[in-house]
Amino acid sequence: MRVVAKFGGTSLGSGDRINRAADSVAAAVEDGHEIAVVASAMGSTTDDLLDEITFDTDEADRAQIVSMGERTSVRMLKAALSSRGIDATFLEPGADGWPIVTDEYGEVDAEETQKRALELAAELEGTVPVITGFLAEGPEGSITTLGRGGSDTTAVMMGKYMDADEVVIVTDVEGVMTGDPRVVEGARNVGEISVDELRNLSFRGAEVVAPSALSYKDGGLDVRVVHYQHGDLLSGGTSIEGEFKNLVGLRERPLACLTVAGRAIRNQTGVFHHLSQSLAESDINIDAVASGMDTVTFYIDEDEAERAENILHREVIARDELSSVTVDSPVAVVRVTGGEIPSQPGIISEIINPLAEARIHLQDVITSATSVALFVDWDDREEALELTQDIF
């Protein structure tokens with residue numbers, strides 16, 4: 001099996017931890033697996049270096065300075081592997097065989113990077129390359145960086161371009177947890193999670209795998225997160241399933257828009273709960289929810305509109321803070337999901353502006369970390385879909 005193993009800063013934070021990392025790599029090699037290693041800077045080296053840059057400097061000098069953490073890590077880990085009889089070599093930007101290159105705009109040159117990665121993969125049977133994470137080689141040999149979380153990006157990118165079977169992210173957490181164990185009791189490891197779920201969690205603060213890295217994951221590449229103390233690269237942890245794609249889709253069935261009005265609903269404890277619970281108890285699925293200071297809007301299947309209106313009306317009568325419920329239908333929803341949405345400034349304007357120019361009325365726009373839902377009149381659905389597809 002061909003594996004790319006990425007060791008995070010904590011997992012390389014001391015000599016003992018470097019020994020543990022080298023042991024796990026050596027064991028996998030001795031079992032007959034092809035291993036490429038990506039190394040982050042030891043501990044908090046990168047942050048420490050950034051804190052010490054208290055003077056004006058250009059991006060080229062800044063990249064040279066912060067690269068020193070990863071450059072030290074690969075030398076340490078290579079030496080630890082060599083001491084175990086493993087034929088290893090370290091790679092950094094500028095070295096022969098270095099794989100990741102960027103263009104003059106700082107973007108990864110996918111074609112050239114894939115070509116170099118495959119050349120590196122062809123040598124895995126005889127050696128273990130230890131690659132600096134986070135770094136890339138720019139035009140004329142300059143050092144560039146892949147941004148925050150760049151070592152994760154390096155690992156998954158290499159996994160994809162080297163035709164690896166699996167990428168293993170070795171870090172200081174027990175894979176993906178049901179909650180932050182520092183805050184909640186009884187947090188446990190999640191054995192499997194979809195790439196869609198994890199990217200949403202990552203954009204909302206979960207520090208497991210950098211969102212930029214998951215953009216490189218395809219359906220044929222397994223990605224797993226394990227704790228550095230586990231000691232086994234090939235088992236345990238959390239498996240990240242699936243592939244994150246850019247998709248534009250139209251819901252085939254029409255929706256009804258039910259809006260409940262009331263005084264300062266957002267400040268009233270339990271209103272959301274009571275309204276949604278009343279629908280759930282009658283087996284009415286909620287497709288989406290939008291809220292304002294004085295309204296809550298539920299989007300449900302149009303076939304359920306009359307029944308849902310009666311249910312919500314009973315809640316309005318029963319609660320003094322609610323005043324009325326109204327229904328609008330049929331409504332269509334066009335959904336855009338994609339790994340690149342959060343990293344594109346102005347993307348919401350790019351999606352909405354063509355609809356405005358076509359005089360299509362937007363009833364609602366609901367966004368999440370990695371998706372945008374556009375609610376329009378049912379008669380405008382096909383045109384809205386076509387205009388949105390043109391963007392992607």
# chains A, B, ... in the order shown; residues from 1 in each chain; ligands from 1
call {"tool": "residues_around", "arguments": {"residues": "stretch 68-82 of chain A", "least_positions_apart": "4", "cutoff": "7 Å", "atoms": "only C-alpha atoms", "output": "PDB file with C-alpha atoms, in the first residue's frame"}}
result
ATOM      1  CA  ILE A  18      10.354  12.287  16.646  1.00  0.00           C
ATOM      2  CA  ASN A  19      11.542   8.827  17.727  1.00  0.00           C
ATOM      3  CA  ALA A  22      10.247   7.334  13.063  1.00  0.00           C
ATOM      4  CA  ALA A  26       9.904   2.217   9.998  1.00  0.00           C
ATOM      5  CA  ALA A  39       6.640  17.073   8.232  1.00  0.00           C
ATOM      6  CA  SER A  40       5.387  20.235   9.925  1.00  0.00           C
ATOM      7  CA  ALA A  41       7.630  22.506  11.946  1.00  0.00           C
ATOM      8  CA  MET A  42       8.451  21.141  15.401  1.00  0.00           C
ATOM      9  CA  THR A  45       8.341  26.926  15.799  1.00  0.00           C
ATOM     10  CA  THR A  46       6.496  28.677  12.966  1.00  0.00           C
ATOM     11  CA  ILE A  86      15.605   3.089   6.613  1.00  0.00           C
ATOM     12  CA  ASP A  87      16.844   4.607   3.356  1.00  0.00           C
ATOM     13  CA  ALA A  88      15.422   8.126   3.673  1.00  0.00           C
ATOM     14  CA  THR A  89      16.057  11.503   2.111  1.00  0.00           C
ATOM     15  CA  PHE A  90      14.721  14.950   2.960  1.00  0.00           C
ATOM     16  CA  GLU A  92      12.792  21.051   0.565  1.00  0.00           C
ATOM     17  CA  VAL A 130      10.618  13.324   3.995  1.00  0.00           C
ATOM     18  CA  ILE A 131       8.987  16.437   2.551  1.00  0.00           C
ATOM     19  CA  THR A 132       8.681  19.857   4.143  1.00  0.00           C
ATOM     20  CA  GLY A 133       5.024  20.677   4.645  1.00  0.00           C
TER      21      GLY A 133
END
call {"tool": "residues_around", "arguments": {"residues": "A:Ser239", "least_positions_apart": "6", "cutoff": "7 Å", "atoms": "only C-alpha atoms", "output": "PDB file with N, CA and C atoms, in the first residue's frame"}}
result
ATOM      1  N   GLY A 191     -15.656   7.295  14.313  1.00  0.00           N
ATOM      2  CA  GLY A 191     -14.932   6.361  13.450  1.00  0.00           C
ATOM      3  C   GLY A 191     -14.888   6.798  12.002  1.00  0.00           C
ATOM      4  N   GLU A 192     -15.991   7.363  11.509  1.00  0.00           N
ATOM      5  CA  GLU A 192     -16.064   7.826  10.128  1.00  0.00           C
ATOM      6  C   GLU A 192     -16.802   9.154  10.078  1.00  0.00           C
ATOM      7  N   ILE A 193     -16.390  10.018   9.149  1.00  0.00           N
ATOM      8  CA  ILE A 193     -17.087  11.276   8.922  1.00  0.00           C
ATOM      9  C   ILE A 193     -16.935  11.633   7.448  1.00  0.00           C
ATOM     10  N   VAL A 223      -8.433   9.206   3.579  1.00  0.00           N
ATOM     11  CA  VAL A 223      -7.739  10.116   4.498  1.00  0.00           C
ATOM     12  C   VAL A 223      -8.151   9.727   5.915  1.00  0.00           C
ATOM     13  N   ARG A 224      -7.163   9.598   6.800  1.00  0.00           N
ATOM     14  CA  ARG A 224      -7.438   9.184   8.164  1.00  0.00           C
ATOM     15  C   ARG A 224      -6.662  10.085   9.119  1.00  0.00           C
ATOM     16  N   VAL A 225      -7.258  10.360  10.279  1.00  0.00           N
ATOM     17  CA  VAL A 225      -6.629  11.172  11.316  1.00  0.00           C
ATOM     18  C   VAL A 225      -6.378  10.287  12.529  1.00  0.00           C
TER      19      VAL A 225
END
call {"tool": "closest_atom_pairs", "arguments": {"of": "stretch 57-170 of chain A", "to": "stretch 4-10 of chain A", "cutoff": "8 Å", "atoms": "only C-alpha atoms", "output": "JSON lines"}}
result
{"residue": "A:Ser151", "atom": "CA", "partner": "A:Lys6", "partner_atom": "CA", "distance": 7.5}
{"residue": "A:Asp152", "atom": "CA", "partner": "A:Lys6", "partner_atom": "CA", "distance": 7.1}
{"residue": "A:Ala155", "atom": "CA", "partner": "A:Lys6", "partner_atom": "CA", "distance": 5.9}
{"residue": "A:Val156", "atom": "CA", "partner": "A:Val4", "partner_atom": "CA", "distance": 7.9}
{"residue": "A:Met158", "atom": "CA", "partner": "A:Val4", "partner_atom": "CA", "distance": 7.2}
{"residue": "A:Gly159", "atom": "CA", "partner": "A:Val4", "partner_atom": "CA", "distance": 5.8}
{"residue": "A:Ala164", "atom": "CA", "partner": "A:Val4", "partner_atom": "CA", "distance": 6.8}
{"residue": "A:Glu166", "atom": "CA", "partner": "A:Val4", "partner_atom": "CA", "distance": 6.5}
{"residue": "A:Val167", "atom": "CA", "partner": "A:Val4", "partner_atom": "CA", "distance": 4.7}
{"residue": "A:Val168", "atom": "CA", "partner": "A:Ala5", "partner_atom": "CA", "distance": 4.7}
{"residue": "A:Ile169", "atom": "CA", "partner": "A:Lys6", "partner_atom": "CA", "distance": 5.0}
{"residue": "A:Val170", "atom": "CA", "partner": "A:Phe7", "partner_atom": "CA", "distance": 4.9}
call {"tool": "select_by_dssp", "arguments": {"residues": "stretch 286-377 of chain A", "states": "helix (DSSP H, G or I)", "output": "JSON, numbers by chain"}}
result
{"A": [302, 303, 304, 305, 306, 307, 308, 309, 310, 311, 312, 313, 314, 315, 316, 317, 318, 341, 342, 343, 347, 348, 349, 350, 351, 352, 353, 354, 355, 356, 357]}
call {"tool": "residues_around", "arguments": {"residues": "A:Val29", "least_positions_apart": "6", "cutoff": "12 Å", "atoms": "only C-alpha atoms", "output": "ChimeraX atom specification"}}
result
/A:1-5,22-23,35-37,81,84-88,124-128,232-234
call {"tool": "closest_residue", "arguments": {"among": "A:Gly43, A:Gly147, A:Gly175, A:Pro129", "to": "A:Ala213", "atoms": "only C-alpha atoms"}}
result
A:Gly147
call {"tool": "residues_around", "arguments": {"residues": "A:Ala384", "least_positions_apart": "2", "cutoff": "9 Å", "atoms": "only C-alpha atoms", "output": "short mmCIF file (atom, residue, chain, number, x, y, z; two decimals) with C-alpha atoms, in the first residue's frame"}}
result
data_model
loop_
_atom_site.label_atom_id
_atom_site.label_comp_id
_atom_site.auth_asym_id
_atom_site.auth_seq_id
_atom_site.Cartn_x
_atom_site.Cartn_y
_atom_site.Cartn_z
CA VAL A 334 -31.12 26.32 -6.13
CA PRO A 354 -26.70 37.62 -12.50
CA LEU A 355 -30.09 36.87 -10.94
CA ALA A 358 -32.22 38.97 -15.02
CA ILE A 360 -35.31 37.33 -10.79
CA LEU A 374 -31.09 30.59 -3.35
CA VAL A 376 -36.80 32.01 -5.94
CA ASP A 380 -38.03 31.33 -12.25
CA ARG A 381 -36.36 28.08 -11.23
CA GLU A 382 -34.95 26.97 -14.60
CA GLU A 386 -28.95 28.03 -15.66
CA LEU A 387 -27.50 31.38 -14.54
CA THR A 388 -25.95 29.80 -11.45
CA GLN A 389 -24.51 26.86 -13.39
#
call {"tool": "atom_distance", "arguments": {"atom1": "atom CA of A:Leu135", "atom2": "atom CA of A:Ala210"}}
result
15.0 Å
call {"tool": "atom_distance", "arguments": {"atom1": "atom CA of A:Asp320", "atom2": "atom CA of A:Leu255"}}
result
28.2 Å
call {"tool": "residues_around", "arguments": {"residues": "A:Thr326", "least_positions_apart": "6", "cutoff": "9 Å", "atoms": "only C-alpha atoms", "output": "CSV table (one decimal) with N, CA and C atoms, in the first residue's frame"}}
result
chain,number,residue,atom,x,y,z
A,257,CYS,N,-43.2,28.3,1.8
A,257,CYS,CA,-42.5,29.2,2.7
A,257,CYS,C,-43.5,29.6,3.8
A,258,LEU,N,-43.3,29.2,5.0
A,258,LEU,CA,-44.2,29.5,6.1
A,258,LEU,C,-43.5,30.4,7.1
A,259,THR,N,-44.0,31.6,7.2
A,259,THR,CA,-43.4,32.6,8.1
A,259,THR,C,-44.2,32.9,9.3
A,260,VAL,N,-43.6,32.8,10.5
A,260,VAL,CA,-44.2,33.1,11.7
A,260,VAL,C,-43.7,34.4,12.2
A,261,ALA,N,-44.6,35.4,12.5
A,261,ALA,CA,-44.2,36.7,13.0
A,261,ALA,C,-44.5,36.8,14.5
A,309,GLU,N,-49.4,24.8,8.2
A,309,GLU,CA,-49.9,26.1,8.6
A,309,GLU,C,-50.8,25.9,9.8
call {"tool": "residues_around", "arguments": {"residues": "A:Asn189", "least_positions_apart": "6", "cutoff": "7 Å", "atoms": "only C-alpha atoms", "output": "PyMOL selection string"}}
result
chain A and resi 174-178
call {"tool": "select_by_dssp", "arguments": {"residues": "stretch 167-229 of chain A", "states": "strand (DSSP E)", "output": "VMD selection string"}}
result
chain A and resid 167 to 171 192 to 194 222 to 227
